[in-house]
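Participant: Data file my_file_18.txt (compact mmCIF, C-alpha atoms) is appended below.
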```
# COMPACT_ATOMS: atom_id res chain seq x y z
CA MET A 1 26.06 -42.16 -18.91
CA THR A 2 25.16 -40.11 -15.92
CA HIS A 3 25.07 -36.41 -16.00
CA HIS A 4 25.62 -34.67 -12.75
CA LYS A 5 23.90 -31.39 -12.66
CA LYS A 6 24.78 -28.87 -10.07
CA VAL A 7 21.84 -26.73 -9.20
CA ILE A 8 22.59 -23.27 -8.01
CA VAL A 9 19.70 -21.62 -6.32
CA LEU A 10 19.81 -17.92 -6.89
CA LYS A 11 18.29 -15.91 -4.13
CA LYS A 12 15.78 -13.39 -5.21
CA PRO A 13 17.54 -10.07 -4.86
CA LYS A 14 16.13 -7.81 -2.22
CA THR A 15 15.18 -4.43 -3.53
CA GLU A 16 17.24 -1.92 -1.69
CA LEU A 17 15.33 1.05 -0.40
CA TRP A 18 16.43 4.63 -0.82
CA ARG A 19 17.98 6.18 2.27
CA PHE A 20 17.77 9.85 3.14
CA PHE A 21 20.37 11.81 5.06
CA ASP A 22 20.16 15.27 6.61
CA PHE A 23 23.03 17.68 6.17
CA THR A 24 24.49 18.26 9.62
CA TYR A 25 27.22 20.75 10.46
CA ALA A 26 30.44 19.45 11.99
CA ASN A 27 29.52 21.22 15.24
CA GLY A 28 26.31 19.18 15.44
CA ASN A 29 23.83 21.82 14.24
CA LYS A 30 20.97 20.28 12.32
CA PRO A 31 19.49 22.81 9.88
CA ILE A 32 17.06 20.32 8.35
CA ASP A 33 15.56 19.54 11.75
CA ASP A 34 15.26 23.28 12.42
CA TRP A 35 13.29 23.71 9.21
CA HIS A 36 11.26 20.53 9.84
CA ASN A 37 10.16 21.89 13.20
CA THR A 38 8.55 24.87 11.48
CA LEU A 39 6.20 22.63 9.49
CA SER A 40 2.62 22.02 10.55
CA ASP A 41 1.48 18.59 11.74
CA TYR A 42 0.15 17.96 8.25
CA GLY A 43 3.45 19.04 6.66
CA LYS A 44 5.48 16.73 8.87
CA GLN A 45 3.19 13.78 8.21
CA PHE A 46 3.08 14.52 4.50
CA LEU A 47 6.85 14.67 4.19
CA SER A 48 7.21 11.47 6.16
CA ASN A 49 4.71 9.66 3.91
CA LEU A 50 6.29 11.12 0.79
CA LEU A 51 9.75 9.88 1.75
CA LYS A 52 8.35 6.46 2.63
CA ASN A 53 6.84 6.31 -0.85
CA TYR A 54 10.02 7.59 -2.52
CA SER A 55 12.15 5.07 -0.67
CA LYS A 56 10.41 2.29 -2.61
CA ILE A 57 10.57 3.92 -6.05
CA GLU A 58 13.61 2.77 -7.97
CA LEU A 59 14.01 5.71 -10.33
CA PRO A 60 13.91 9.25 -8.95
CA ILE A 61 12.41 10.51 -12.22
CA HIS A 62 9.19 9.01 -10.84
CA TRP A 63 9.43 11.01 -7.61
CA GLU A 64 6.51 13.09 -8.69
CA LYS A 65 7.12 16.17 -6.56
CA VAL A 66 10.79 16.53 -7.37
CA LYS A 67 12.06 19.23 -9.68
CA PHE A 68 15.64 19.00 -10.96
CA LEU A 69 17.30 22.40 -10.97
CA ARG A 70 19.34 23.70 -13.86
CA GLY A 71 21.99 26.30 -14.66
CA SER A 72 24.26 27.14 -11.77
CA MET A 73 22.25 24.81 -9.51
CA VAL A 74 22.67 21.71 -11.64
CA GLY A 75 23.06 18.59 -9.51
CA ILE A 76 20.59 19.88 -6.94
CA TRP A 77 16.90 18.98 -6.90
CA GLU A 78 14.05 20.15 -4.76
CA ILE A 79 10.95 18.53 -3.34
CA ARG A 80 8.01 20.92 -3.55
CA PHE A 81 4.95 20.54 -1.42
CA ASP A 82 2.26 22.74 -0.01
CA ASP A 83 1.92 23.33 3.71
CA GLY A 84 -0.01 26.58 3.76
CA VAL A 85 2.88 28.14 1.89
CA GLN A 86 4.95 26.15 -0.56
CA GLN A 87 7.81 24.36 1.11
CA ARG A 88 10.93 23.31 -0.72
CA LEU A 89 13.51 20.82 0.40
CA LEU A 90 16.73 20.92 -1.59
CA GLY A 91 18.82 17.80 -1.96
CA ILE A 92 21.45 15.94 -3.91
CA PHE A 93 22.19 12.31 -4.68
CA ASP A 94 25.19 10.73 -3.01
CA GLY A 95 26.01 7.35 -4.46
CA ALA A 96 23.67 4.44 -4.92
CA LYS A 97 20.23 5.00 -3.45
CA ARG A 98 21.34 7.71 -1.07
CA ALA A 99 19.87 11.18 -1.06
CA VAL A 100 21.00 14.09 1.07
CA PHE A 101 18.85 16.98 2.15
CA LEU A 102 20.78 20.23 2.16
CA ILE A 103 18.32 22.91 3.14
CA GLY A 104 14.62 23.36 3.68
CA CYS A 105 12.91 26.65 2.89
CA SER A 106 9.61 28.17 1.93
CA HIS A 107 8.83 29.82 -1.37
CA LYS A 108 6.32 32.50 -2.16
CA GLY A 109 6.03 34.92 -5.07
CA GLY A 110 9.37 33.89 -6.55
CA ASN A 111 11.21 34.47 -3.28
CA TYR A 112 12.82 31.92 -1.06
CA THR A 113 12.81 32.23 2.71
CA PRO A 114 15.61 32.38 3.76
CA THR A 115 16.51 34.48 0.75
CA ASP A 116 19.93 32.91 0.31
CA ALA A 117 18.54 29.35 0.33
CA LEU A 118 19.86 28.43 -3.10
CA GLU A 119 23.31 29.79 -2.37
CA THR A 120 23.38 28.02 0.99
CA GLY A 121 22.28 24.81 -0.69
CA ARG A 122 25.12 25.02 -3.17
CA LYS A 123 27.61 25.81 -0.40
CA ARG A 124 26.44 22.82 1.63
CA MET A 125 26.71 20.58 -1.40
CA GLY A 126 30.39 21.55 -1.53
CA GLN A 127 30.79 20.86 2.18
CA TRP A 128 29.12 17.46 1.82
CA GLU A 129 31.38 16.50 -1.06
CA SER A 130 34.51 17.66 0.75
CA GLY A 131 33.46 15.85 3.94
CA ASP A 132 33.33 19.04 5.98
CA CYS A 133 30.19 17.97 7.84
CA ILE A 134 28.58 15.01 9.63
CA LYS A 135 27.40 12.50 7.05
CA THR A 136 25.66 9.97 9.24
CA ASN A 137 22.47 11.73 10.25
CA GLU A 138 19.97 9.48 8.51
CA ARG A 139 16.31 10.43 8.41
CA GLN A 140 14.26 7.52 9.69
CA ILE A 141 11.37 6.27 7.60
CA THR A 142 8.62 5.31 10.01
CA THR A 143 6.61 2.21 9.21
CA ASP A 144 4.54 1.89 12.36
CA MET B 1 8.43 9.76 25.54
CA SER B 2 9.26 8.23 22.17
CA ASP B 3 8.10 9.73 18.87
CA ARG B 4 5.68 6.87 18.39
CA SER B 5 4.18 7.26 21.85
CA GLN B 6 3.71 10.97 21.20
CA LEU B 7 2.12 10.23 17.85
CA ILE B 8 -0.30 7.74 19.36
CA LYS B 9 -1.15 10.04 22.24
CA ARG B 10 -2.02 12.85 19.87
CA LEU B 11 -3.92 10.56 17.52
CA LEU B 12 -6.01 9.37 20.44
CA THR B 13 -6.78 12.81 21.79
CA GLU B 14 -6.82 15.29 18.90
CA ARG B 15 -9.35 15.09 16.11
CA ASP B 16 -7.50 17.66 13.94
CA PHE B 17 -4.29 15.69 14.27
CA ARG B 18 -6.09 12.54 13.15
CA ALA B 19 -7.46 14.46 10.17
CA SER B 20 -3.95 15.66 9.24
CA TYR B 21 -2.63 12.12 9.55
CA ILE B 22 -5.27 10.72 7.21
CA ARG B 23 -5.06 13.62 4.75
CA ALA B 24 -1.27 13.40 4.54
CA LYS B 25 -1.47 9.73 3.59
CA LEU B 26 -4.14 10.27 0.95
CA ASP B 27 -2.28 13.25 -0.52
CA VAL B 28 0.71 11.01 -1.18
CA LEU B 29 -0.96 7.76 -2.13
CA ILE B 30 -3.73 8.95 -4.46
CA PRO B 31 -1.42 10.85 -6.86
CA SER B 32 1.06 7.99 -6.67
CA GLN B 33 -1.58 5.42 -7.64
CA ILE B 34 -2.81 7.51 -10.57
CA ARG B 35 0.72 7.88 -11.88
CA ALA B 36 1.50 4.19 -11.35
CA LEU B 37 -1.63 3.03 -13.20
CA ARG B 38 -1.12 5.47 -16.05
CA LEU B 39 2.45 4.26 -16.54
CA ARG B 40 1.39 0.57 -16.25
CA GLN B 41 -1.12 1.18 -19.02
CA ASP B 42 1.42 2.99 -21.21
CA LYS B 43 -0.72 6.08 -21.35
CA THR B 44 0.56 9.61 -21.64
CA GLN B 45 -0.87 12.37 -19.50
CA SER B 46 -2.47 13.78 -22.65
CA GLY B 47 -3.96 10.38 -23.50
CA LEU B 48 -5.46 9.98 -20.07
CA ALA B 49 -6.67 13.56 -20.11
CA GLN B 50 -8.49 12.92 -23.37
CA LEU B 51 -10.17 9.82 -21.96
CA ALA B 52 -11.16 11.64 -18.78
CA ASP B 53 -12.32 14.72 -20.66
CA MET B 54 -9.84 16.90 -18.81
CA LYS B 55 -6.81 18.97 -19.72
CA GLN B 56 -3.32 17.48 -19.61
CA ALA B 57 -2.31 20.10 -17.08
CA ARG B 58 -4.97 18.84 -14.70
CA ILE B 59 -3.68 15.26 -14.93
CA SER B 60 -0.17 16.58 -14.29
CA ALA B 61 -1.43 18.56 -11.32
CA MET B 62 -3.21 15.47 -9.98
CA GLU B 63 -0.09 13.36 -10.25
CA THR B 64 1.94 15.95 -8.40
CA GLY B 65 -0.73 16.40 -5.76
CA GLN B 66 -1.46 20.02 -6.58
CA VAL B 67 -5.21 19.61 -6.60
CA ASN B 68 -7.79 18.84 -3.98
CA PHE B 69 -9.40 15.64 -5.10
CA ASN B 70 -13.12 15.29 -4.97
CA LEU B 71 -14.95 12.03 -5.43
CA GLU B 72 -16.25 12.91 -8.89
CA THR B 73 -12.71 13.58 -10.17
CA LEU B 74 -11.52 10.25 -8.83
CA VAL B 75 -14.48 8.45 -10.39
CA ARG B 76 -13.71 9.99 -13.77
CA VAL B 77 -10.05 9.01 -13.54
CA ALA B 78 -10.92 5.47 -12.44
CA ALA B 79 -13.41 5.09 -15.28
CA SER B 80 -10.82 6.36 -17.77
CA LEU B 81 -8.24 3.93 -16.47
CA ASN B 82 -10.78 1.09 -16.68
CA VAL B 83 -10.46 0.18 -13.03
CA GLY B 84 -12.79 0.35 -10.07
CA LEU B 85 -12.59 2.68 -7.11
CA MET B 86 -13.35 1.86 -3.53
CA VAL B 87 -13.75 4.36 -0.70
CA LYS B 88 -13.83 2.42 2.51
CA PHE B 89 -13.60 3.36 6.17
CA ILE B 90 -11.02 1.19 7.85
CA PRO B 91 -9.00 0.93 11.07
CA PHE B 92 -5.79 2.98 11.30
CA SER B 93 -3.79 -0.24 11.45
CA GLU B 94 -5.19 -1.35 8.11
CA MET B 95 -4.48 2.04 6.57
CA LEU B 96 -0.89 1.93 7.76
CA GLY B 97 -0.45 -1.68 6.67
CA TRP B 98 -1.69 -0.84 3.21
CA GLU B 99 0.70 2.11 3.01
CA ASN B 100 3.64 0.00 4.16
CA ASP B 101 2.92 -2.64 1.52
CA TYR B 102 2.27 -0.13 -1.22
CA SER B 103 4.93 0.43 -3.85
CA GLN B 104 4.43 2.68 -6.84
CA ASP B 105 6.82 0.53 -8.86
CA ILE B 106 4.67 -2.59 -8.58
CA PHE B 107 1.18 -1.26 -7.96
CA ASN B 108 -1.33 -2.34 -10.55
CA ALA B 109 -5.05 -2.88 -10.86
CA THR B 110 -6.46 -5.24 -13.44
CA GLN B 111 -8.31 -3.43 -16.16
CA LEU B 112 -11.93 -4.34 -16.73
CA ALA B 113 -11.27 -6.14 -20.03
CA ASN B 114 -8.90 -8.55 -18.25
CA ASP B 115 -10.81 -8.85 -15.00
CA THR B 116 -12.02 -12.44 -15.25
CA ALA B 117 -13.25 -12.47 -11.65
CA PHE B 118 -15.72 -9.81 -12.69
CA LEU B 119 -16.42 -10.92 -16.25
CA ARG B 120 -16.66 -14.66 -15.57
CA PRO B 121 -17.42 -15.06 -11.86
CA ARG B 122 -18.62 -18.68 -12.14
CA VAL B 123 -15.28 -19.83 -13.48
CA THR B 124 -13.52 -17.92 -10.71
CA ARG B 125 -15.80 -19.43 -8.05
CA ARG B 126 -15.05 -22.92 -9.35
CA ARG B 127 -11.37 -22.12 -9.11
CA ILE B 128 -11.80 -20.96 -5.52
CA ALA B 129 -13.76 -24.09 -4.68
CA ARG B 130 -11.03 -26.25 -6.21
CA ARG B 131 -8.45 -24.43 -4.15
CA MET B 132 -10.54 -24.90 -1.04
CA ARG B 133 -10.74 -28.62 -1.71
CA ASN B 134 -7.00 -28.82 -2.11
CA TYR B 135 -6.12 -26.87 0.99
CA GLY B 136 -9.13 -27.24 3.24
CA HIS B 137 -10.32 -29.95 5.59
CA THR B 138 -12.80 -32.52 4.48
CA PHE B 139 -15.43 -33.54 6.97
CA ARG B 140 -17.67 -36.54 6.70
CA ILE B 141 -21.08 -36.57 8.23
CA PRO B 142 -23.45 -39.52 8.46
CA GLU B 143 -26.11 -39.08 5.88
CA ARG B 144 -29.00 -38.98 8.27
CA PRO B 145 -30.91 -36.00 6.96
CA GLU B 146 -31.79 -34.55 10.34
CA THR B 147 -28.20 -34.76 11.63
CA ALA B 148 -26.63 -33.47 8.47
CA ALA B 149 -29.09 -30.61 8.22
CA ALA B 150 -28.63 -29.66 11.86
CA VAL B 151 -24.89 -29.46 11.44
CA VAL B 152 -24.72 -27.94 8.04
CA SER B 153 -27.48 -25.33 8.18
CA PRO B 154 -25.92 -23.09 10.85
CA TYR B 155 -22.63 -23.43 9.13
CA THR B 156 -23.88 -22.62 5.68
CA ASN B 157 -25.85 -19.69 7.04
CA LEU B 158 -22.78 -18.41 8.81
CA MET B 159 -20.54 -18.88 5.84
CA GLN B 160 -23.03 -17.41 3.40
CA THR B 161 -23.19 -14.32 5.57
CA GLN B 162 -19.50 -13.95 6.17
CA HIS B 163 -18.12 -15.37 2.94
CA PRO B 164 -20.78 -14.93 0.26
CA GLN B 165 -18.30 -15.81 -2.44
CA MET B 166 -17.90 -19.32 -1.08
CA ARG B 167 -19.94 -22.27 -2.35
CA LEU B 168 -20.05 -25.41 -0.27
CA ARG B 169 -20.10 -28.71 -1.99
CA PHE B 170 -23.22 -29.89 -0.31
CA GLY B 171 -26.47 -31.19 -1.63
CA SER B 172 -27.11 -33.57 -4.48
CA GLU B 173 -23.88 -32.69 -6.23
CA GLY B 174 -21.78 -33.07 -3.15
CA GLN B 175 -23.24 -36.35 -2.02
CA ARG B 176 -21.56 -39.49 -2.96
CA GLN B 177 -21.69 -43.00 -1.75
CA GLN B 178 -18.29 -43.80 -0.36
CA ALA B 179 -19.12 -47.12 1.27
CA PRO B 180 -22.25 -49.23 1.55
CA ASN B 181 -22.72 -48.21 5.15
CA PRO B 182 -22.60 -45.55 6.37
CA LYS B 183 -23.23 -43.21 3.51
CA VAL B 184 -21.43 -39.95 3.90
CA VAL B 185 -21.82 -36.45 2.72
CA GLU B 186 -18.59 -34.72 2.02
CA PHE B 187 -17.74 -31.08 1.71
CA SER B 188 -14.73 -28.89 2.17
CA ILE B 189 -14.03 -25.95 4.36
CA SER B 190 -10.94 -23.98 5.12
CA LYS B 191 -8.98 -24.80 8.24
CA ASP B 192 -9.74 -21.49 9.87
CA SER B 193 -13.44 -22.13 9.64
CA VAL B 194 -13.47 -25.24 11.82
CA ASN B 195 -13.87 -23.34 15.06
CA GLU B 196 -16.51 -21.11 13.53
CA LEU B 197 -18.38 -24.18 12.42
CA LEU B 198 -18.26 -25.83 15.82
CA ALA B 199 -19.28 -22.63 17.53
CA ALA B 200 -22.18 -22.14 15.15
CA ALA B 201 -23.37 -25.70 15.53
CA ALA B 202 -23.08 -25.56 19.31
CA SER B 203 -24.87 -22.24 19.61
CA SER B 204 -27.81 -23.54 17.62
CA GLY B 205 -28.41 -26.21 20.24
CA THR B 206 -27.51 -29.13 18.08
CA GLY B 207 -25.46 -30.97 20.66
CA ALA B 208 -25.90 -34.35 19.06
CA ALA B 209 -24.97 -33.00 15.72
CA THR B 210 -21.86 -31.35 17.10
CA ASP B 211 -20.82 -34.62 18.69
CA ALA B 212 -21.36 -36.33 15.40
CA TRP B 213 -19.30 -33.68 13.78
CA ARG B 214 -16.41 -34.16 16.17
CA LYS B 215 -16.63 -37.88 15.79
CA TYR B 216 -16.59 -37.87 12.04
CA GLY B 217 -14.45 -34.85 11.44
CA THR B 218 -11.12 -35.81 10.01
```
For this file, produce the structure as structure tokens.
Facilitator:
Amino acid sequence: MTHHKKVIVLKKPKTELWRFFDFTYANGNKPIDDWHNTLSDYGKQFLSNLLKNYSKIELPIHWEKVKFLRGSMVGIWEIRFDDGVQQRLLGIFDGAKRAVFLIGCSHKGGNYTPTDALETGRKRMGQWESGDCIKTNERQITTD
Amino acid sequence: MSDRSQLIKRLLTERDFRASYIRAKLDVLIPSQIRALRLRQDKTQSGLAQLADMKQARISAMETGQVNFNLETLVRVAASLNVGLMVKFIPFSEMLGWENDYSQDIFNATQLANDTAFLRPRVTRRRIARRMRNYGHTFRIPERPETAAAVVSPYTNLMQTQHPQMRLRFGSEGQRQQAPNPKVVEFSISKDSVNELLAAAASSGTGAATDAWRKYGT
């Protein structure tokens, strides 16, 4: 008796990388780029390297510089890094392996600059969820 | 001018920019490696802190990149994690390539207790030699001592310098009588080394030997 065996070769699944999007106003203004331009050369390079590293880490709980906010800011997290003064980049998750940056600001002595950064972040989260903005401005991860 | 062109232009011309570029990479990748290894080894921050004779808060700060690392700190952490540490000056391309290939989720370094290449190097060398035999070229040289020596010496010298971990099967162990005449000496080298071998033999003025090599090389 002959047994015919059908062999199905399963392709090794490719690990999908995280993608990062910048909040962009419907009129084309790019607040994240405006903040990014204020960083030093080191700050820009650091953020770029950090995002490259994050893009390959499956679980955001292992994004070591990320702090998840609580209370009225629940749902928003912030990346904290030092660039002379502490810089904070607020973001949210948007579906599978997509993160959105809402606002960048600096933080010193318990104060954010701009002072209404948290409120603006929350407002932009609402705009992102309602679609009242451009959602396609992806931050490129440089590999060369 | 593209972003990359600008980056390269500044890297080529500004020392401080180069320093920022290097520092930014290290400030991401060192904390990330420490965290990855600690998690691979199922250690808590407190556990690692105890082994490194530090406070837990310092380990936490290291993993979040809130400290300026000095070499002594890194040595203590490496020793506590039972792994080695290498500080090596390399080309920018190599640094970038390493960063591109690096992933915190899969990064690991074998702990000393499991590092057979370090603990039992002879076994590992035999394994490498076996692999070389399987994947390398085998050359046969007439067993006339002067010819064989002229061909093999430059090569072995070259390979010993460039690849000290490699052992050639040559000498009494490597010799075997394949046919009554001619007797041959057989040893294995990797494919990439053929040109090096020919160049070395030619540069040492052993024209006859090189010809013999080409004739008998298979």
Participant: Might you pull out every residue within 12 Å of Leu71 of chain B, with only C-alpha atoms counted and same-chain residues fewer than 3 positions away left off, and present them as a list of chain:residue names?
Facilitator: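 Contacts, with the query itself left out: B:Ile30, B:Asn68, B:Leu74, B:Val75, B:Arg76, B:Val77, B:Ala78, B:Leu85, B:Met86, B:Val87.
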Participant: Any idea which chain B residues end up within 8 Å of chain A if we count only C-alpha atoms, as a list in words please?
Facilitator: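 Per the criterion, chain B yields Arg4, Phe17, Ser20, Tyr21, Arg23, Ala24, Lys25, Asp27, Val28, Ser32, Glu63, Thr64, Gly65, Leu96, Asn100, Tyr102, Ser103, Gln104 and Asp105 of chain B.
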Participant: Between atom CA of Glu78 of chain A and atom CA of Asp33 of chain A, what is the distance, to one decimal in Å?
Facilitator: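 Those two atoms sit 16.6 Å apart.
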Participant: Between B:Val67, B:Leu112, B:Met62, B:Asn82, which has the minimum distance to Gln33 of chain B (counting all atoms listed in the file)?
Facilitator: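 Comparing B:Val67, B:Leu112, B:Met62, B:Asn82 against Gln33 of chain B, the winner is B:Met62.
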Participant: Restricting the calculation to all atoms listed in the file: of A:Leu69, A:Leu39, A:Ile61, A:Cys133, which residue gets closest to Gly91 of chain A?
Facilitator: A:Leu69
Participant: So how many Å separate atom CA of Lys43 of chain B and atom CA of Arg120 of chain B, to one decimal?
Facilitator: 26.8 Å
Participant: May I ask for the distance between atom CA of Phe89 of chain B and atom CA of Ile34 of chain B, given in Å to one decimal place?
Facilitator: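 Straight-line distance from atom CA of Phe89 of chain B to atom CA of Ile34 of chain B works out to 20.3 Å.
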Participant: Which residue gives the smallest distance to Ser80 of chain B among B:Leu48, B:Ile8, B:Ala117, B:Ala19, with only C-alpha atoms counted?
Facilitator: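 So, comparing all the options, the nearest one is B:Leu48.
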Participant: Could you check the closest approach to Leu26 of chain B for each of B:Val83, B:Met95, B:Leu51, B:Ile59 and tell me which residue wins, using only C-alpha atoms?
Facilitator: B:Met95
